[in-house]
>>> print(open('data.pdb').read())   # PDB, C-alpha atoms and all ligand atoms
ATOM      1  CA  MET A   1      -6.679  40.150  29.302
ATOM      2  CA  ASN A   2      -8.060  43.582  30.024
ATOM      3  CA  ALA A   3     -11.750  44.251  29.437
ATOM      4  CA  GLN A   4     -11.276  48.002  28.901
ATOM      5  CA  HIS A   5     -10.713  49.249  25.352
ATOM      6  CA  VAL A   6      -9.367  52.499  23.956
ATOM      7  CA  THR A   7     -12.453  54.161  22.471
ATOM      8  CA  PRO A   8     -12.579  56.989  19.883
ATOM      9  CA  ASP A   9     -14.152  59.162  22.609
ATOM     10  CA  LEU A  10     -11.184  58.542  24.877
ATOM     11  CA  ARG A  11      -8.766  59.455  22.064
ATOM     12  CA  ARG A  12     -10.703  62.676  21.382
ATOM     13  CA  TRP A  13     -10.669  63.559  25.076
ATOM     14  CA  ILE A  14      -6.885  63.002  25.263
ATOM     15  CA  LEU A  15      -6.308  65.240  22.228
ATOM     16  CA  THR A  16      -8.425  67.977  23.827
ATOM     17  CA  GLN A  17      -6.369  67.778  27.017
ATOM     18  CA  VAL A  18      -3.094  67.925  25.074
ATOM     19  CA  SER A  19      -4.339  70.902  23.044
ATOM     20  CA  ALA A  20      -5.182  72.652  26.317
ATOM     21  CA  GLY A  21      -1.538  72.305  27.285
ATOM     22  CA  HIS A  22      -1.908  69.652  30.020
ATOM     23  CA  GLY A  23       1.108  67.387  30.591
ATOM     24  CA  ALA A  24       1.172  63.587  30.397
ATOM     25  CA  ASP A  25       1.272  63.144  34.178
ATOM     26  CA  LEU A  26      -1.875  65.202  34.727
ATOM     27  CA  ILE A  27      -3.784  63.529  31.879
ATOM     28  CA  LEU A  28      -2.875  60.012  33.054
ATOM     29  CA  GLN A  29      -3.857  60.898  36.623
ATOM     30  CA  ALA A  30      -7.272  62.159  35.427
ATOM     31  CA  MET A  31      -7.814  58.941  33.440
ATOM     32  CA  ARG A  32      -6.962  56.802  36.474
ATOM     33  CA  THR A  33      -9.345  58.830  38.634
ATOM     34  CA  SER A  34     -12.110  58.208  36.065
ATOM     35  CA  GLY A  35     -11.555  54.463  36.436
ATOM     36  CA  TRP A  36      -9.298  53.687  33.506
ATOM     37  CA  ASP A  37      -6.842  50.908  34.168
ATOM     38  CA  ASP A  38      -3.168  52.064  34.365
ATOM     39  CA  ALA A  39      -2.000  50.035  31.359
ATOM     40  CA  VAL A  40      -4.976  51.052  29.176
ATOM     41  CA  ALA A  41      -4.506  54.721  30.102
ATOM     42  CA  LEU A  42      -0.806  54.625  29.232
ATOM     43  CA  SER A  43      -1.224  52.814  25.930
ATOM     44  CA  ALA A  44      -4.136  55.095  24.924
ATOM     45  CA  TYR A  45      -2.019  58.150  25.695
ATOM     46  CA  GLN A  46       1.011  56.851  23.830
ATOM     47  CA  ALA A  47      -0.979  55.722  20.776
ATOM     48  CA  THR A  48      -2.870  59.016  20.590
ATOM     49  CA  VAL A  49      -0.105  61.470  21.384
ATOM     50  CA  ASN A  50       3.202  59.839  20.578
ATOM     51  CA  GLY A  51       2.378  57.152  18.041
ATOM     52  CA  ALA A  52       3.932  57.442  14.580
ATOM     53  CA  GLY A  53       1.494  59.346  12.370
ATOM     54  CA  SER A  54      -0.783  60.110  15.323
ATOM     55  CA  GLN A  55      -2.997  63.183  15.078
ATOM     56  CA  ALA A  56      -1.052  64.840  17.874
ATOM     57  CA  ALA A  57       2.429  64.078  16.575
ATOM     58  CA  ALA A  58       2.568  67.401  14.754
ATOM     59  CA  LEU A  59       0.469  69.217  17.329
ATOM     60  CA  THR A  60       1.983  72.146  19.153
ATOM     61  CA  VAL A  61       0.063  73.540  22.058
ATOM     62  CA  GLY A  62      -0.402  77.190  23.090
ATOM     63  CA  THR A  63       3.100  77.353  24.530
ATOM     64  CA  GLY A  64       4.614  76.255  21.194
ATOM     65  CA  GLN A  65       5.863  73.029  22.786
ATOM     66  CA  PRO A  66       5.227  69.488  21.545
ATOM     67  CA  PRO A  67       2.985  67.315  23.768
ATOM     68  CA  THR A  68       4.711  65.736  26.764
ATOM     69  CA  SER A  69       5.602  62.040  27.084
ATOM     70  CA  VAL A  70       5.732  59.761  30.092
ATOM     71  CA  VAL A  71       9.395  59.505  31.115
ATOM     72  CA  PRO A  72      11.390  56.924  33.101
ATOM     73  CA  GLU A  73      12.009  57.844  36.720
ATOM     74  CA  PRO A  74      14.344  55.963  39.065
ATOM     75  CA  LYS A  75      12.719  54.715  42.278
ATOM     76  CA  TRP A  76      14.258  54.517  45.705
ATOM     77  CA  ALA A  77      12.970  54.558  49.246
ATOM     78  CA  PRO A  78      12.580  58.103  50.649
ATOM     79  CA  GLY A  79      15.908  59.287  52.005
ATOM     80  CA  ALA A  80      17.797  56.190  50.869
ATOM     81  CA  HIS A  81      21.388  56.721  49.769
ATOM     82  CA  GLU A  82      21.650  53.284  48.174
ATOM     83  CA  VAL A  83      19.489  51.161  45.875
ATOM     84  CA  GLU A  84      19.767  47.402  45.371
ATOM     85  CA  ILE A  85      18.876  46.261  41.849
ATOM     86  CA  ALA A  86      19.135  42.583  40.873
ATOM     87  CA  ALA A  87      21.812  41.882  43.533
ATOM     88  CA  HIS A  88      23.788  44.994  42.528
ATOM     89  CA  ARG A  89      24.179  47.890  44.983
ATOM     90  CA  LEU A  90      24.496  51.455  43.710
ATOM     91  CA  GLN A  91      24.509  54.881  45.336
ATOM     92  CA  VAL A  92      22.301  57.901  44.697
ATOM     93  CA  LEU A  93      24.815  60.776  44.788
ATOM     94  CA  THR A  94      22.871  63.790  43.456
ATOM     95  CA  SER A  95      19.261  64.407  42.474
ATOM     96  CA  LEU A  96      18.059  67.536  40.665
ATOM     97  CA  HIS A  97      14.549  68.490  39.522
ATOM     98  CA  GLY A  98      14.141  70.913  36.604
ATOM     99  CA  PRO A  99      15.971  69.582  34.647
ATOM    100  CA  ARG A 100      15.586  66.074  36.031
ATOM    101  CA  VAL A 101      19.144  64.827  36.555
ATOM    102  CA  VAL A 102      20.292  62.012  38.851
ATOM    103  CA  VAL A 103      23.920  61.032  39.444
ATOM    104  CA  PHE A 104      24.561  57.436  40.502
ATOM    105  CA  GLY A 105      27.685  55.940  42.074
ATOM    106  CA  GLY A 106      28.729  52.392  41.237
ATOM    107  CA  LEU A 107      26.083  51.754  38.590
ATOM    108  CA  LEU A 108      28.727  49.583  36.911
ATOM    109  CA  SER A 109      31.508  47.649  38.639
ATOM    110  CA  HIS A 110      35.094  48.396  37.581
ATOM    111  CA  ALA A 111      35.272  44.895  36.057
ATOM    112  CA  GLU A 112      32.157  45.654  33.933
ATOM    113  CA  CYS A 113      33.698  48.974  32.777
ATOM    114  CA  ASP A 114      36.943  47.242  31.766
ATOM    115  CA  GLU A 115      35.113  44.475  29.922
ATOM    116  CA  LEU A 116      32.954  46.965  27.952
ATOM    117  CA  VAL A 117      36.095  48.897  26.944
ATOM    118  CA  SER A 118      37.924  45.801  25.813
ATOM    119  CA  LEU A 119      34.911  44.474  23.852
ATOM    120  CA  ALA A 120      34.437  47.873  22.148
ATOM    121  CA  GLN A 121      38.092  48.689  21.413
ATOM    122  CA  ALA A 122      38.461  46.817  18.135
ATOM    123  CA  ARG A 123      35.239  48.263  16.716
ATOM    124  CA  LEU A 124      35.843  51.989  17.365
ATOM    125  CA  ALA A 125      35.367  54.454  14.521
ATOM    126  CA  ARG A 126      35.168  58.253  14.389
ATOM    127  CA  SER A 127      31.808  59.062  16.030
ATOM    128  CA  GLU A 128      28.757  59.564  13.896
ATOM    129  CA  THR A 129      25.460  61.160  14.822
ATOM    130  CA  VAL A 130      22.065  60.604  13.257
ATOM    131  CA  GLN A 131      21.696  63.074  10.393
ATOM    132  CA  VAL A 132      18.394  64.747  11.142
ATOM    133  CA  ALA A 133      17.707  65.747   7.548
ATOM    134  CA  THR A 134      17.677  62.178   6.236
ATOM    135  CA  GLY A 135      17.860  59.833   9.245
ATOM    136  CA  ALA A 136      21.255  58.490   8.068
ATOM    137  CA  SER A 137      24.471  58.549  10.155
ATOM    138  CA  GLU A 138      27.216  61.081   9.423
ATOM    139  CA  VAL A 139      30.579  62.092  10.902
ATOM    140  CA  ASN A 140      29.988  65.167  13.027
ATOM    141  CA  THR A 141      32.704  67.749  13.687
ATOM    142  CA  SER A 142      31.102  68.821  16.986
ATOM    143  CA  ARG A 143      31.906  65.372  18.344
ATOM    144  CA  THR A 144      35.587  64.487  18.263
ATOM    145  CA  SER A 145      35.346  61.182  20.128
ATOM    146  CA  GLU A 146      35.456  57.718  18.537
ATOM    147  CA  GLY A 147      32.548  55.357  19.054
ATOM    148  CA  MET A 148      30.645  52.172  18.313
ATOM    149  CA  PHE A 149      27.245  50.637  19.083
ATOM    150  CA  PHE A 150      26.528  47.248  20.615
ATOM    151  CA  GLY A 151      23.322  45.589  19.477
ATOM    152  CA  ARG A 152      20.807  45.256  22.301
ATOM    153  CA  GLY A 153      21.559  42.049  24.205
ATOM    154  CA  GLU A 154      24.526  41.402  21.901
ATOM    155  CA  ASN A 155      26.494  39.656  24.643
ATOM    156  CA  ALA A 156      25.933  38.555  28.254
ATOM    157  CA  LEU A 157      27.489  41.717  29.685
ATOM    158  CA  CYS A 158      25.266  44.063  27.640
ATOM    159  CA  ALA A 159      22.199  41.984  28.526
ATOM    160  CA  ARG A 160      23.040  42.158  32.260
ATOM    161  CA  ILE A 161      23.570  45.936  32.176
ATOM    162  CA  GLU A 162      20.402  46.471  30.116
ATOM    163  CA  ALA A 163      18.383  44.395  32.620
ATOM    164  CA  ARG A 164      19.808  46.481  35.506
ATOM    165  CA  ILE A 165      18.867  49.735  33.770
ATOM    166  CA  ALA A 166      15.368  48.432  32.948
ATOM    167  CA  ALA A 167      14.828  47.476  36.612
ATOM    168  CA  LEU A 168      16.238  50.733  37.994
ATOM    169  CA  PHE A 169      13.953  52.891  35.843
ATOM    170  CA  ASN A 170      11.045  50.456  35.510
ATOM    171  CA  TRP A 171      11.304  50.908  31.742
ATOM    172  CA  PRO A 172      11.098  47.936  29.349
ATOM    173  CA  VAL A 173      14.386  46.577  27.934
ATOM    174  CA  GLU A 174      12.646  46.678  24.498
ATOM    175  CA  ASN A 175      12.353  50.487  24.736
ATOM    176  CA  GLY A 176      16.137  50.934  24.950
ATOM    177  CA  GLU A 177      18.651  51.454  22.151
ATOM    178  CA  GLY A 178      21.800  49.325  22.192
ATOM    179  CA  LEU A 179      24.705  50.660  24.284
ATOM    180  CA  GLN A 180      26.860  53.279  22.574
ATOM    181  CA  ILE A 181      30.544  53.379  23.607
ATOM    182  CA  LEU A 182      32.628  56.552  23.151
ATOM    183  CA  ARG A 183      36.337  57.158  23.690
ATOM    184  CA  TYR A 184      37.624  60.729  24.127
ATOM    185  CA  ARG A 185      41.376  61.304  23.895
ATOM    186  CA  PRO A 186      42.937  64.554  25.234
ATOM    187  CA  GLY A 187      41.345  67.472  23.362
ATOM    188  CA  ALA A 188      38.266  65.486  22.319
ATOM    189  CA  GLN A 189      34.846  66.801  23.304
ATOM    190  CA  TYR A 190      31.149  66.639  22.525
ATOM    191  CA  LYS A 191      29.707  70.123  22.039
ATOM    192  CA  PRO A 192      26.380  70.938  23.779
ATOM    193  CA  HIS A 193      23.343  69.362  22.138
ATOM    194  CA  TYR A 194      19.973  67.779  22.917
ATOM    195  CA  ASP A 195      19.595  64.009  22.738
ATOM    196  CA  TYR A 196      15.965  64.092  21.492
ATOM    197  CA  PHE A 197      15.250  64.252  17.772
ATOM    198  CA  ASP A 198      14.301  67.739  16.628
ATOM    199  CA  PRO A 199      10.636  67.651  15.471
ATOM    200  CA  ALA A 200      11.363  70.481  13.003
ATOM    201  CA  GLN A 201      13.878  68.409  11.020
ATOM    202  CA  PRO A 202      12.588  66.643   7.885
ATOM    203  CA  GLY A 203      14.263  63.318   8.774
ATOM    204  CA  THR A 204      12.681  63.069  12.218
ATOM    205  CA  PRO A 205       9.368  61.315  11.326
ATOM    206  CA  ALA A 206      11.362  58.452   9.727
ATOM    207  CA  ILE A 207      13.564  58.114  12.831
ATOM    208  CA  LEU A 208      10.529  58.144  15.146
ATOM    209  CA  LYS A 209       8.874  55.197  13.339
ATOM    210  CA  ARG A 210      11.273  52.947  15.224
ATOM    211  CA  GLY A 211      10.499  53.386  18.944
ATOM    212  CA  GLY A 212       9.272  56.993  18.982
ATOM    213  CA  GLN A 213      11.191  59.789  20.689
ATOM    214  CA  ARG A 214      14.097  59.452  23.071
ATOM    215  CA  VAL A 215      12.819  60.367  26.534
ATOM    216  CA  ALA A 216      15.905  59.811  28.726
ATOM    217  CA  SER A 217      19.687  59.340  28.556
ATOM    218  CA  LEU A 218      22.058  57.508  30.867
ATOM    219  CA  VAL A 219      25.760  58.308  30.414
ATOM    220  CA  MET A 220      27.914  55.742  32.280
ATOM    221  CA  TYR A 221      31.593  56.518  32.869
ATOM    222  CA  LEU A 222      33.940  53.645  32.057
ATOM    223  CA  SER A 223      37.152  55.444  33.057
ATOM    224  CA  SER A 224      38.313  58.363  35.236
ATOM    225  CA  PRO A 225      40.382  60.821  33.169
ATOM    226  CA  GLN A 226      42.831  62.778  35.316
ATOM    227  CA  ARG A 227      41.547  66.215  34.190
ATOM    228  CA  GLY A 228      38.640  67.556  32.134
ATOM    229  CA  GLY A 229      35.844  65.619  30.414
ATOM    230  CA  ALA A 230      32.943  66.667  32.680
ATOM    231  CA  THR A 231      29.407  66.211  31.385
ATOM    232  CA  VAL A 232      28.024  69.748  31.448
ATOM    233  CA  PHE A 233      24.451  71.099  31.517
ATOM    234  CA  PRO A 234      24.876  74.798  30.575
ATOM    235  CA  ASP A 235      21.249  75.792  31.310
ATOM    236  CA  ALA A 236      21.327  74.158  34.752
ATOM    237  CA  LYS A 237      24.915  75.346  35.374
ATOM    238  CA  LEU A 238      25.767  71.792  36.380
ATOM    239  CA  GLU A 239      29.006  69.862  35.768
ATOM    240  CA  ILE A 240      29.450  66.169  36.531
ATOM    241  CA  ASN A 241      32.977  64.841  36.740
ATOM    242  CA  PRO A 242      33.548  61.477  35.046
ATOM    243  CA  VAL A 243      34.296  58.822  37.670
ATOM    244  CA  LYS A 244      34.672  55.191  36.613
ATOM    245  CA  GLY A 245      31.486  53.188  37.380
ATOM    246  CA  ASN A 246      29.341  56.280  38.047
ATOM    247  CA  ALA A 247      26.550  57.462  35.743
ATOM    248  CA  VAL A 248      24.403  60.512  35.038
ATOM    249  CA  PHE A 249      20.725  60.088  34.122
ATOM    250  CA  PHE A 250      18.527  62.829  32.678
ATOM    251  CA  SER A 251      15.031  62.794  31.196
ATOM    252  CA  TYR A 252      13.090  65.096  28.872
ATOM    253  CA  ASP A 253       9.295  64.869  28.622
ATOM    254  CA  CYS A 254       9.147  66.736  25.332
ATOM    255  CA  ALA A 255      11.446  67.475  22.427
ATOM    256  CA  HIS A 256      11.921  71.112  23.342
ATOM    257  CA  PRO A 257      14.663  73.308  24.877
ATOM    258  CA  SER A 258      12.265  74.114  27.752
ATOM    259  CA  THR A 259      13.386  70.747  29.189
ATOM    260  CA  ARG A 260      16.728  72.491  29.892
ATOM    261  CA  THR A 261      18.578  69.294  28.946
ATOM    262  CA  LEU A 262      21.166  70.972  26.741
ATOM    263  CA  HIS A 263      24.338  69.057  27.640
ATOM    264  CA  GLY A 264      27.808  68.314  26.339
ATOM    265  CA  GLY A 265      31.090  66.595  27.081
ATOM    266  CA  ALA A 266      33.790  69.149  28.010
ATOM    267  CA  PRO A 267      37.222  68.658  26.410
ATOM    268  CA  VAL A 268      39.373  66.006  28.052
ATOM    269  CA  LEU A 269      42.565  67.663  29.317
ATOM    270  CA  GLU A 270      44.546  64.667  30.578
ATOM    271  CA  GLY A 271      43.976  60.933  30.342
ATOM    272  CA  GLU A 272      41.254  59.118  28.383
ATOM    273  CA  LYS A 273      37.527  59.319  28.947
ATOM    274  CA  TRP A 274      35.344  56.340  28.019
ATOM    275  CA  VAL A 275      31.549  56.346  28.345
ATOM    276  CA  ALA A 276      28.655  54.019  27.582
ATOM    277  CA  THR A 277      25.438  55.854  26.690
ATOM    278  CA  LYS A 278      21.993  54.278  26.916
ATOM    279  CA  TRP A 279      19.054  56.079  25.331
ATOM    280  CA  LEU A 280      15.530  55.168  26.374
ATOM    281  CA  ARG A 281      12.702  55.549  23.851
ATOM    282  CA  GLU A 282       9.000  56.047  24.536
ATOM    283  CA  GLY A 283       8.064  52.884  22.609
ATOM    284  CA  ARG A 284       9.570  49.562  21.517
ATOM    285  CA  PHE A 285      12.843  50.017  19.633
ATOM    286  CA  GLU A 286      12.897  46.878  17.486
TER
HETATM  287  O1  LIG A 301      30.439  61.845  27.244
HETATM  288  C1  LIG A 301      29.677  62.696  27.673
HETATM  289  O2  LIG A 301      29.893  63.306  28.744
HETATM  290  C2  LIG A 301      28.478  63.005  26.866
HETATM  291  C3  LIG A 301      28.024  64.300  26.858
HETATM  292  C4  LIG A 301      26.919  64.589  26.087
HETATM  293  C5  LIG A 301      27.832  62.040  26.127
HETATM  294  C6  LIG A 301      26.697  62.412  25.411
HETATM  295  N1  LIG A 301      26.247  63.674  25.398
HETATM  296  C7  LIG A 301      25.920  61.464  24.600
HETATM  297  O3  LIG A 301      26.376  60.308  24.450
HETATM  298  O4  LIG A 301      24.840  61.848  24.104
HETATM  299 ZN    ZN A 302      24.180  63.721  24.533
END
>>> encode(input="data.pdb", output="C-alpha cells")
Amino acid sequence: MNAQHVTPDLRRWILTQVSAGHGADLILQAMRTSGWDDAVALSAYQATVNGAGSQAAALTVGTGQPPTSVVPEPKWAPGAHEVEIAAHRLQVLTSLHGPRVVVFGGLLSHAECDELVSLAQARLARSETVQVATGASEVNTSRTSEGMFFGRGENALCARIEARIAALFNWPVENGEGLQILRYRPGAQYKPHYDYFDPAQPGTPAILKRGGQRVASLVMYLSSPQRGGATVFPDAKLEINPVKGNAVFFSYDCAHPSTRTLHGGAPVLEGEKWVATKWLREGRFE
C-alpha cells in the first residue's frame, strides 16, 4: 500500500502544467524528481487530465491541442533486432519517431493467423465504425471490408495474443479492446482516418466513459495479399505492405491531427487481406 496520496494541490499543479502546454512525459518526470512515486504520479495525472468528467477533459491549451496522454511504447535492448516475449520471438523491422510507428515481423505465428481467420469467418459482417455523434455503431461507406470483434479473452488464442501484446508494450491487458478482425476482398479499402475519438463530436464523452481515449493501435496482418492492401500514413509518406504474421504499431499522445497518425488501408488489388486490430486505451476498458 502506498503512503502517498493525490492531494488537491497536486491536482491544481498538474492542471497548471497542462494549461502551460507541457506534455505528459515532462509533467511526470517533474513529479518523479519532486519525490512522487511513479504509480501515484501516473494515476494523479490520468485522473486529473484524462479522467471522465475531469476538469482538463475539455481543456485546450495555447496550441489548440488537447492535453497529452501517456502512451504505450515497446521496449527492446538498444540495437536489438529481435525481442523475446513470453517464449515468442519477434523481429523489429522498422522504427519511426514523429509519428511513432514500429513495424514488427513475426508478432503472430502463421498457425495463430490461420486460427484467428477460421474462428472469425462465420461471424463476419459488413464493417461498422463507432458513430461519433451518438456512440452507436453504423455501417460506414469509407470502409468496405467485413469485420467482427472478439470479446477480450474470449478464447485461449485471444488471451495468449493479448498477453503477448500487454508484455511487449508494458500496457495492462485491461486497457485493451477486444481484437477486431477485418477481411478485405479485391477492391476493398479503409479510407484514411484517425483511430482516436474526435473530442469535438457530441458522442465522444459517452464513448470515453469506458476506458478513456485510444492511445495506440496495433494492426496485425493475418494474410499476405498478392498485390495492394498496404497500410498507409499519408502525412508521414509511409506505406507498410501486409505480410502474414507481421504487425504495425502506432501511438498518439493526444486526439489531434498534430500526431500525424492519419492512416488508411489501400485498396486490395489481388488476393485477400485479413487483419486483426488491437486498440489500447488510456484506462481500463471494462
Ligand atoms: O487494414 C488496415 O491496413 C487498416 C488501416 C487503417 C486498419 C485500420 N486502419 C484499423 O483497423 O483501424
Ligand atoms: Zn485505423
>>> resolve_selection(input="data.pdb", expression="the PyMOL selection byres (((chain A and resi 227) around 8) and not hetatm)", output="list in words")
Pro225, Gln226, Gly228, Gly229, Val268, Leu269, Glu270 and Gly271 of chain A
>>> write_last_selection(input="data.pdb", atoms="C-alpha atoms", output="CSV table (one decimal), keeping the file's coordinate frame")
chain,number,residue,atom,x,y,z
A,225,PRO,CA,40.4,60.8,33.2
A,226,GLN,CA,42.8,62.8,35.3
A,228,GLY,CA,38.6,67.6,32.1
A,229,GLY,CA,35.8,65.6,30.4
A,268,VAL,CA,39.4,66.0,28.1
A,269,LEU,CA,42.6,67.7,29.3
A,270,GLU,CA,44.5,64.7,30.6
A,271,GLY,CA,44.0,60.9,30.3
>>> residues_near_ligand(input="data.pdb", ligand="ligand LIG 301 (chain A)", cutoff="8 Å", atoms="all atoms listed in the file", output="ChimeraX atom specification")
/A:180,182,184,189-195,217,219,221,229-232,242,263-266,273-278
>>> resolve_selection(input="data.pdb", expression="the PyMOL selection byres (((chain A and resi 14-25) around 6) and not hetatm)", output="PDB file with C-alpha atoms, in the coordinates of the input")
ATOM      1  CA  ARG A  11      -8.766  59.455  22.064  1.00  0.00           C
ATOM      2  CA  ARG A  12     -10.703  62.676  21.382  1.00  0.00           C
ATOM      3  CA  TRP A  13     -10.669  63.559  25.076  1.00  0.00           C
ATOM      4  CA  LEU A  26      -1.875  65.202  34.727  1.00  0.00           C
ATOM      5  CA  ILE A  27      -3.784  63.529  31.879  1.00  0.00           C
ATOM      6  CA  LEU A  28      -2.875  60.012  33.054  1.00  0.00           C
ATOM      7  CA  VAL A  61       0.063  73.540  22.058  1.00  0.00           C
ATOM      8  CA  THR A  68       4.711  65.736  26.764  1.00  0.00           C
ATOM      9  CA  SER A  69       5.602  62.040  27.084  1.00  0.00           C
ATOM     10  CA  VAL A  70       5.732  59.761  30.092  1.00  0.00           C
TER      11      VAL A  70
END
>>> atom_distance(input="data.pdb", atom1="atom CA of A:Ala86", atom2="atom CA of A:Val103")
19.1 Å
>>> closest_residue(input="data.pdb", among="A:Gly106, A:Gly245, A:Gly187, A:Pro74", to="A:Pro267", atoms="all atoms listed in the file")
A:Gly187
>>> closest_residue(input="data.pdb", among="A:His5, A:His110, A:Gln121, A:Gly283", to="A:Ser223", atoms="all atoms listed in the file")
A:His110
>>> closest_residue(input="data.pdb", among="A:Lys244, A:Arg214, A:Arg152, A:Arg123", to="A:Asp198", atoms="only C-alpha atoms")
A:Arg214
>>> atom_distance(input="data.pdb", atom1="atom CA of A:Arg100", atom2="atom CA of A:Glu282")
16.6 Å
>>> residues_around(input="data.pdb", residues="stretch 154-171 of chain A", least_positions_apart="4", cutoff="7 Å", atoms="only C-alpha atoms", output="list in words")
Pro72, Glu73, Pro74, Lys75, Ile85, Ala86 and Phe150 of chain A
>>> atom_distance(input="data.pdb", atom1="atom CA of A:Ala188", atom2="atom ZN of ligand ZN 302 (chain A)")
14.4 Å
>>> axis_aligned_box(input="data.pdb", around="stretch 93-108 of chain A", padding_each_side="3 Å", output="AutoDock Vina command-line options")
--center_x 21.4 --center_y 60.2 --center_z 39.7 --size_x 20.6 --size_y 27.3 --size_z 16.1
>>> closest_residue(input="data.pdb", among="A:Ala236, A:Leu218, A:Leu107, A:Ala87", to="ligand ZN 302 (chain A)", atoms="only C-alpha atoms and all ligand atoms")
A:Leu218
>>> build_atoms(input="data.pdb", residues="stretch 258-265 of chain A", atoms="all heavy atoms", output="short mmCIF file (atom, residue, chain, number, x, y, z; two decimals), in the frame of the given file")
data_model
loop_
_atom_site.label_atom_id
_atom_site.label_comp_id
_atom_site.auth_asym_id
_atom_site.auth_seq_id
_atom_site.Cartn_x
_atom_site.Cartn_y
_atom_site.Cartn_z
N SER A 258 12.81 73.81 26.42
CA SER A 258 12.26 74.11 27.75
C SER A 258 12.58 73.01 28.76
O SER A 258 12.47 73.22 29.96
CB SER A 258 10.75 74.32 27.68
OG SER A 258 10.15 73.13 27.24
N THR A 259 12.99 71.83 28.27
CA THR A 259 13.39 70.75 29.19
C THR A 259 14.71 71.07 29.87
O THR A 259 15.08 70.42 30.85
CB THR A 259 13.55 69.41 28.44
OG1 THR A 259 14.49 69.60 27.36
CG2 THR A 259 12.23 68.92 27.85
N ARG A 260 15.43 72.05 29.35
CA ARG A 260 16.73 72.49 29.89
C ARG A 260 17.74 71.35 29.94
O ARG A 260 18.57 71.28 30.85
CB ARG A 260 16.53 73.13 31.27
CG ARG A 260 15.57 74.32 31.21
CD ARG A 260 15.27 74.94 32.55
NE ARG A 260 16.41 75.68 33.07
CZ ARG A 260 16.84 75.60 34.32
NH1 ARG A 260 16.24 74.80 35.17
NH2 ARG A 260 17.86 76.32 34.71
N THR A 261 17.65 70.44 28.97
CA THR A 261 18.58 69.29 28.95
C THR A 261 19.70 69.48 27.94
O THR A 261 20.32 68.49 27.53
CB THR A 261 17.82 67.98 28.67
OG1 THR A 261 17.09 68.12 27.44
CG2 THR A 261 16.89 67.62 29.81
N LEU A 262 19.97 70.73 27.54
CA LEU A 262 21.17 70.97 26.74
C LEU A 262 22.35 70.45 27.55
O LEU A 262 22.46 70.74 28.75
CB LEU A 262 21.31 72.48 26.50
CG LEU A 262 22.48 72.91 25.61
CD1 LEU A 262 22.22 72.47 24.17
CD2 LEU A 262 22.69 74.42 25.67
N HIS A 263 23.22 69.66 26.90
CA HIS A 263 24.34 69.06 27.64
C HIS A 263 25.47 68.75 26.67
O HIS A 263 25.25 68.62 25.46
CB HIS A 263 23.89 67.77 28.35
CG HIS A 263 23.53 66.70 27.39
ND1 HIS A 263 22.38 66.74 26.63
CD2 HIS A 263 24.19 65.58 27.00
CE1 HIS A 263 22.35 65.70 25.83
NE2 HIS A 263 23.44 64.96 26.03
N GLY A 264 26.66 68.63 27.19
CA GLY A 264 27.81 68.31 26.34
C GLY A 264 28.89 67.63 27.15
O GLY A 264 28.79 67.50 28.36
N GLY A 265 29.92 67.19 26.43
CA GLY A 265 31.09 66.60 27.08
C GLY A 265 32.24 67.59 26.95
O GLY A 265 32.69 67.87 25.83
#
